[in-house]
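Asker: Structure file coords-v3.txt (compact mmCIF, C-alpha atoms) is given on the next line.
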```txt
# COMPACT_ATOMS: atom_id res chain seq x y z
CA MET A 264 -129.32 -254.51 169.40
CA THR A 265 -128.68 -250.99 168.19
CA GLY A 266 -129.41 -247.97 170.33
CA ALA A 267 -129.44 -250.07 173.49
CA THR A 268 -127.84 -247.82 176.10
CA SER A 269 -131.02 -246.06 177.27
CA GLY A 270 -134.78 -245.84 176.95
CA LEU A 271 -136.58 -248.39 174.80
CA GLY A 272 -133.36 -250.13 173.76
CA ALA A 273 -132.12 -250.68 177.29
CA ALA A 274 -135.57 -251.95 178.33
CA MET A 275 -135.68 -254.44 175.46
CA ALA A 276 -132.12 -255.59 176.12
CA GLY A 277 -132.94 -256.17 179.78
CA ALA A 278 -136.07 -258.13 178.96
CA LEU A 279 -134.19 -260.37 176.52
CA VAL A 280 -131.45 -261.02 179.07
CA GLU A 281 -134.04 -261.95 181.70
CA ALA A 282 -135.52 -264.40 179.19
CA GLY A 283 -132.11 -266.08 178.80
CA ALA A 284 -130.76 -264.42 175.65
CA ARG A 285 -127.21 -263.33 175.00
CA VAL A 286 -127.26 -259.72 173.89
CA MET A 287 -124.86 -257.24 172.35
CA VAL A 288 -125.67 -253.68 173.41
CA THR A 289 -124.40 -250.97 171.13
CA GLY A 290 -124.16 -247.20 171.06
CA ARG A 291 -121.91 -244.47 169.77
CA ASP A 292 -120.35 -244.03 173.22
CA GLN A 293 -118.26 -247.05 174.21
CA ALA A 294 -118.29 -246.17 177.92
CA ARG A 295 -122.10 -246.01 177.99
CA ALA A 296 -122.37 -249.30 176.13
CA GLU A 297 -119.96 -250.95 178.56
CA GLY A 298 -121.86 -249.52 181.53
CA THR A 299 -125.17 -250.88 180.24
CA ALA A 300 -123.60 -254.27 179.57
CA ALA A 301 -122.16 -254.42 183.08
CA GLU A 302 -125.56 -253.61 184.58
CA LEU A 303 -127.30 -256.31 182.55
CA GLY A 304 -124.91 -259.13 183.39
CA SER A 305 -122.31 -261.53 182.08
CA SER A 306 -124.37 -262.66 179.06
CA VAL A 307 -124.12 -259.16 177.57
CA ILE A 308 -121.28 -257.71 175.52
CA ALA A 309 -120.81 -254.10 174.48
CA CYS A 310 -119.73 -252.65 171.16
CA ARG A 311 -119.21 -249.08 170.03
CA LEU A 312 -121.34 -248.66 166.93
CA ASP A 313 -122.16 -245.86 164.52
CA VAL A 314 -124.95 -247.31 162.39
CA ARG A 315 -124.33 -244.66 159.72
CA ASP A 316 -120.90 -246.10 158.98
CA GLU A 317 -120.71 -249.45 157.16
CA ARG A 318 -117.22 -250.15 158.55
CA SER A 319 -118.46 -249.71 162.10
CA VAL A 320 -121.47 -251.91 161.31
CA ALA A 321 -119.28 -254.67 159.84
CA ALA A 322 -116.94 -254.61 162.83
CA CYS A 323 -119.76 -254.94 165.37
CA VAL A 324 -121.49 -257.72 163.44
CA ALA A 325 -118.20 -259.61 163.12
CA ARG A 326 -117.60 -259.29 166.85
CA ALA A 327 -121.02 -260.69 167.68
CA ARG A 328 -120.58 -263.59 165.28
CA ASP A 329 -117.09 -264.35 166.60
CA ALA A 330 -118.39 -264.33 170.18
CA TRP A 331 -121.43 -266.52 169.63
CA GLY A 332 -120.94 -268.30 166.33
CA GLY A 333 -123.96 -266.64 164.77
CA ILE A 334 -126.65 -263.99 165.10
CA ASP A 335 -130.25 -265.08 165.68
CA MET A 336 -131.91 -261.69 165.96
CA LEU A 337 -131.23 -258.09 164.97
CA VAL A 338 -133.15 -255.31 166.69
CA ASN A 339 -132.80 -252.00 164.87
CA ASN A 340 -133.56 -249.40 167.53
CA ALA A 341 -130.92 -246.70 166.96
CA GLY A 342 -132.46 -243.28 166.57
CA ILE A 343 -132.03 -239.61 167.33
CA GLY A 344 -134.91 -237.61 168.75
CA MET A 345 -136.38 -234.26 167.79
CA ARG A 346 -134.48 -232.47 170.56
CA THR A 347 -131.36 -232.56 168.39
CA VAL A 348 -132.97 -230.29 165.78
CA ASN A 349 -135.38 -228.33 167.99
CA PRO A 350 -134.96 -228.50 171.79
CA ARG A 351 -138.50 -227.10 172.28
CA PHE A 352 -140.22 -229.11 169.56
CA LEU A 353 -143.37 -229.84 171.58
CA LEU A 354 -143.96 -226.25 172.68
CA GLU A 355 -142.58 -224.41 169.65
CA PRO A 356 -142.90 -226.57 166.49
CA GLN A 357 -140.31 -225.69 163.86
CA PRO A 358 -141.31 -225.59 160.19
CA PHE A 359 -139.38 -227.93 157.93
CA TRP A 360 -137.62 -225.10 156.09
CA GLU A 361 -135.93 -224.02 159.31
CA VAL A 362 -134.40 -227.47 159.96
CA THR A 363 -130.69 -227.50 159.17
CA PRO A 364 -129.52 -229.90 156.45
CA SER A 365 -127.04 -231.46 158.88
CA GLY A 366 -129.75 -232.01 161.48
CA PHE A 367 -132.02 -233.61 158.88
CA ARG A 368 -129.27 -235.91 157.61
CA ASN A 369 -128.20 -236.98 161.08
CA VAL A 370 -131.68 -238.14 162.10
CA VAL A 371 -132.53 -239.81 158.78
CA GLU A 372 -129.15 -241.50 158.39
CA THR A 373 -129.25 -242.87 161.92
CA LYS A 374 -132.77 -244.24 161.65
CA VAL A 375 -133.22 -245.23 158.01
CA VAL A 376 -129.70 -245.74 156.68
CA GLY A 377 -128.77 -247.43 159.94
CA CYS A 378 -131.56 -250.00 159.56
CA PHE A 379 -130.48 -250.65 156.00
CA LEU A 380 -126.77 -251.04 156.76
CA MET A 381 -127.37 -253.33 159.76
CA ALA A 382 -129.80 -255.59 157.89
CA ARG A 383 -127.60 -255.60 154.79
CA GLU A 384 -124.71 -256.91 156.90
CA VAL A 385 -126.67 -259.41 159.00
CA VAL A 386 -129.21 -260.97 156.62
CA PRO A 387 -126.71 -262.81 154.38
CA LEU A 388 -125.19 -264.38 157.50
CA MET A 389 -128.62 -265.41 158.77
CA LEU A 390 -129.56 -266.94 155.42
CA GLY A 391 -126.31 -268.87 155.40
CA ASP A 392 -126.78 -270.04 158.99
CA GLY A 393 -130.34 -271.28 158.48
CA GLY A 394 -132.44 -268.36 159.62
CA GLY A 395 -132.93 -265.35 161.83
CA ARG A 396 -135.22 -262.52 162.83
CA ILE A 397 -135.15 -258.79 162.15
CA VAL A 398 -137.18 -256.38 164.28
CA ASN A 399 -137.26 -252.73 163.26
CA ILE A 400 -138.48 -250.26 165.89
CA SER A 401 -140.94 -247.70 164.58
CA MET A 402 -143.40 -245.08 165.82
CA ASN A 403 -147.07 -244.10 165.64
CA GLU A 404 -148.31 -243.06 162.22
CA GLN A 405 -149.58 -239.79 163.74
CA THR A 406 -146.01 -238.94 164.72
CA MET A 407 -144.78 -239.50 161.17
CA VAL A 408 -146.93 -236.66 159.82
CA ARG A 409 -147.17 -234.40 162.85
CA ARG A 410 -146.59 -230.68 162.40
CA GLY A 411 -143.03 -229.70 163.30
CA PHE A 412 -141.73 -233.28 163.27
CA VAL A 413 -139.28 -233.03 160.40
CA PRO A 414 -137.05 -235.01 160.24
CA TYR A 415 -138.11 -237.48 162.95
CA GLY A 416 -141.51 -238.30 161.46
CA PRO A 417 -140.29 -238.89 157.90
CA ALA A 418 -137.46 -241.04 159.25
CA GLY A 419 -140.03 -243.28 160.96
CA ALA A 420 -142.06 -243.52 157.77
CA GLY A 421 -138.90 -244.49 155.93
CA VAL A 422 -138.21 -247.29 158.39
CA GLU A 423 -141.72 -248.66 157.91
CA ALA A 424 -141.44 -248.62 154.11
CA LEU A 425 -137.98 -250.17 154.28
CA SER A 426 -139.27 -252.88 156.61
CA ARG A 427 -142.09 -253.79 154.21
CA VAL A 428 -139.65 -254.07 151.33
CA MET A 429 -137.30 -256.18 153.45
CA ALA A 430 -140.20 -258.46 154.34
CA ALA A 431 -141.22 -258.77 150.69
CA ASP A 432 -137.65 -259.54 149.60
CA LEU A 433 -137.35 -262.19 152.33
CA ALA A 434 -140.80 -263.76 151.88
CA GLY A 435 -140.51 -267.54 151.81
CA SER A 436 -137.00 -267.47 153.27
CA SER A 437 -135.75 -268.47 156.72
CA VAL A 438 -135.42 -264.85 157.86
CA THR A 439 -138.41 -262.92 159.19
CA VAL A 440 -138.90 -259.15 159.39
CA ASN A 441 -141.35 -257.41 161.71
CA ILE A 442 -142.06 -253.89 162.97
CA LEU A 443 -142.48 -253.07 166.66
CA LEU A 444 -143.53 -249.73 168.12
CA PRO A 445 -144.47 -248.57 171.63
CA GLY A 446 -147.92 -247.23 170.78
CA GLY A 447 -147.36 -243.97 172.60
CA ARG A 448 -144.67 -241.44 173.34
CA GLY A 449 -141.75 -243.24 174.97
CA THR A 450 -139.12 -241.95 177.33
CA ARG A 451 -136.10 -242.56 175.14
CA THR A 452 -133.34 -239.98 175.30
CA GLY A 453 -133.99 -237.04 172.99
CA MET A 454 -137.70 -237.62 172.64
CA VAL A 455 -139.02 -235.30 175.36
CA PRO A 456 -137.86 -231.71 176.01
CA ASP A 457 -136.56 -230.98 179.49
CA ASP A 458 -139.23 -228.31 179.92
CA ALA A 459 -142.15 -230.45 178.71
CA PRO A 460 -145.35 -229.77 180.69
CA ALA A 461 -146.26 -232.14 183.50
CA GLU A 462 -149.37 -233.30 181.62
CA VAL A 463 -147.14 -234.42 178.73
CA ARG A 464 -144.80 -236.34 181.00
CA ALA A 465 -147.78 -237.98 182.70
CA ARG A 466 -148.79 -239.56 179.38
CA LEU A 467 -145.39 -241.10 178.68
CA LEU A 468 -145.20 -244.86 178.29
CA ASP A 469 -142.80 -246.80 180.47
CA PRO A 470 -140.08 -248.24 178.20
CA ALA A 471 -140.74 -251.60 179.88
CA VAL A 472 -143.82 -251.90 177.63
CA MET A 473 -141.42 -253.09 174.92
CA GLY A 474 -140.22 -256.07 176.96
CA PRO A 475 -143.00 -258.65 176.46
CA PRO A 476 -143.34 -258.21 172.67
CA ILE A 477 -139.60 -258.29 171.97
CA VAL A 478 -139.22 -261.45 174.07
CA TRP A 479 -142.15 -263.00 172.22
CA LEU A 480 -140.66 -262.10 168.85
CA ALA A 481 -137.46 -263.87 169.88
CA SER A 482 -139.28 -266.98 171.10
CA ASP A 483 -140.34 -270.23 169.47
CA GLN A 484 -143.95 -268.97 169.61
CA ALA A 485 -143.10 -266.35 167.01
CA ALA A 486 -141.45 -268.76 164.58
CA GLY A 487 -142.76 -267.89 161.14
CA VAL A 488 -144.29 -264.57 162.22
CA HIS A 489 -143.43 -262.28 159.34
CA ASP A 490 -144.31 -258.83 158.02
CA ARG A 491 -146.30 -257.84 161.11
CA ARG A 492 -146.65 -254.41 162.70
CA ILE A 493 -146.91 -254.98 166.44
CA VAL A 494 -147.95 -252.22 168.85
CA ALA A 495 -146.43 -252.85 172.27
CA ASN A 496 -149.17 -251.34 174.41
CA ALA A 497 -151.70 -253.55 172.61
CA PHE A 498 -149.43 -256.58 172.55
CA GLU A 499 -151.81 -259.16 174.01
CA THR A 500 -154.27 -258.53 171.20
CA ALA A 501 -151.55 -258.47 168.56
CA SER A 502 -149.92 -261.70 169.67
CA ALA A 503 -153.23 -263.53 169.66
CA ALA A 504 -154.07 -262.46 166.10
CA PRO A 505 -153.25 -264.84 163.24
```
Take the structure in the file and give it back as structure tokens.
Answerer:
Amino acid sequence: MTGATSGLGAAMAGALVEAGARVMVTGRDQARAEGTAAELGSSVIACRLDVRDERSVAACVARARDAWGGIDMLVNNAGIGMRTVNPRFLLEPQPFWEVTPSGFRNVVETKVVGCFLMAREVVPLMLGDGGGRIVNISMNEQTMVRRGFVPYGPAGAGVEALSRVMAADLAGSSVTVNILLPGGRGTRTGMVPDDAPAEVRARLLDPAVMGPPIVWLASDQAAGVHDRRIVANAFETASAAP
């Protein structure tokens, strides 16, 4: 799982561990990844990962495969929030022409290029091993086009388009691709300014909302579920739909 040291990623990793899965938690900071792994238990291993770098991606994937003999599921959750380009993005939206090129690239490369590089490395292994599941973490469509949300919004839209193409390319194969999103503003690091109003913080979703759907997507019940967009805070309805 990428981006698993805090927020939504840590919540999903914890839920999968509780359900009996072995999980690799990754992040750019090795110490944070190791700390999260230690908190989650002996079935978890840590790996320093920069999803923008194909060599780092290959090394982490190889470590997971060496440890477990294969990879059953990839959860692409790595992302950088709007705070990195505008610390006061909720109170003082920044027009796109004031976003620095480096800030734009960092967010888009982490979210979109990262999903591509991880799936590119993992899918051939899954096809060779008889199957697997890819889950790409997305966001509300309103966030994708919200004023002042360059580059975070376009990065989310890119992940959704990439996921649909992945699903089309893998249709009829043993590897499934699905999209999962919280359905509201989460509490992941970088998503909420420190000085956000109390009424904004009161509307935040608990990251634990991601637990039930990610466990379901990893389960036998979700075998064959493909090219779905699942909203976590409406999960009961989504999982019951054909």
Asker: Can you pull out every residue within 9 Å of range 435-437 of chain A, counting all atoms listed in the file, but drop anything in the same chain fewer than 2 positions away, and send it as a list in words?
Answerer: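 These residues fall inside the cut-off: Met389, Leu390, Gly393, Gly394, Gly395, Arg396, Ala431, Asp432, Leu433, Thr439 and Gly487 of chain A.
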Asker: Which residue gives the smallest distance to Val472 in chain A among A:Ala267, A:Val280, A:Met275, A:Leu312, with all atoms listed in the file counted?
Answerer: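 Among the listed residues, A:Met275 lies closest to Val472 in chain A.
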Asker: Give me, as a list in words, all polymer residues having an atom no more than 12 Å from Val408 in chain A, counting all atoms listed in the file and skipping those fewer than 2 positions away in the same chain.
Answerer: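 Counting only the stated atoms, we get Phe359, Met402, Asn403, Glu404, Gln405, Thr406, Arg410, Gly411, Phe412, Val413, Pro414, Tyr415, Gly416, Pro417, Ala418, Gly419, Ala420 and Gly421 of chain A.
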Asker: Would you put the residues from that selection into a file with C-alpha atoms, as a compact mmCIF listing (two decimals), in the coordinates of the input?
Answerer:
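Output saved as part-v7.txt:
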```txt
# COMPACT_ATOMS: atom_id res chain seq x y z
CA PHE A 359 -139.38 -227.93 157.93
CA MET A 402 -143.40 -245.08 165.82
CA ASN A 403 -147.07 -244.10 165.64
CA GLU A 404 -148.31 -243.06 162.22
CA GLN A 405 -149.58 -239.79 163.74
CA THR A 406 -146.01 -238.94 164.72
CA ARG A 410 -146.59 -230.68 162.40
CA GLY A 411 -143.03 -229.70 163.30
CA PHE A 412 -141.73 -233.28 163.27
CA VAL A 413 -139.28 -233.03 160.40
CA PRO A 414 -137.05 -235.01 160.24
CA TYR A 415 -138.11 -237.48 162.95
CA GLY A 416 -141.51 -238.30 161.46
CA PRO A 417 -140.29 -238.89 157.90
CA ALA A 418 -137.46 -241.04 159.25
CA GLY A 419 -140.03 -243.28 160.96
CA ALA A 420 -142.06 -243.52 157.77
CA GLY A 421 -138.90 -244.49 155.93
```
Asker: Do you have the CA of Asp392 in chain A-CA of Ala325 in chain A distance handy?
Answerer: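 Result for CA of Asp392 in chain A versus CA of Ala325 in chain A: 14.1 Å, one decimal.
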Asker: Name all residues at most 12 Å from Gly283 in chain A (count all atoms listed in the file; drop same-chain ones fewer than 6 positions away) and give them as a PyMOL selection string.
Answerer: chain A and resi 276-277+303-307+478+481-482
Asker: Near Cys310 in chain A, within 12 Å and counting all atoms listed in the file, which residues show up once chain neighbours fewer than 5 positions away are dropped, as a PyMOL selection string?
Answerer: chain A and resi 264-268+286-300+319-327+330
Asker: Between CA of Lys374 in chain A and CA of Gln484 in chain A, what distance in Å does the model show, to one decimal?
Answerer: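 CA of Lys374 in chain A sits 28.3 Å away from CA of Gln484 in chain A.
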Asker: Given the choices A:Ala497, A:Val376, A:Ala278, A:Ala341, which gets closest to Asp316 in chain A if the distance is worked out from only C-alpha atoms?
Answerer: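 Closest to Asp316 in chain A of all the choices is A:Val376.
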Asker: For Leu353 in chain A, which residue out of A:Arg315, A:Met429, A:Val385, A:Arg409 is the nearest one, using only C-alpha atoms?
Answerer: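 When distances to Leu353 in chain A are compared using only C-alpha atoms, the smallest one comes from A:Arg409.
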Asker: From the options A:Gly332, A:Pro475, A:Gly446, A:Pro350, which residue's atoms come nearest to Arg492 in chain A, counting only C-alpha atoms?
Answerer: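 Among A:Gly332, A:Pro475, A:Gly446, A:Pro350, it is A:Gly446 that comes nearest to Arg492 in chain A.
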Asker: Kindly indicate which residue among A:Met407, A:Ala430, A:Val398, A:Leu337 lies nearest to Met381 in chain A, using all atoms listed in the file for the distances.
Answerer: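 Among A:Met407, A:Ala430, A:Val398, A:Leu337, it is A:Leu337 that comes nearest to Met381 in chain A.
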Asker: Using CA of Leu480 in chain A and CA of Leu443 in chain A as the two end points, give the distance in Å to one decimal.
Answerer: 9.5 Å
Asker: Check the smallest atom-to-atom distance from each of A:Leu468, A:Leu380, A:Ile343, A:Ala486 to Gly366 in chain A using all atoms listed in the file, then report the winner.
Answerer: A:Ile343
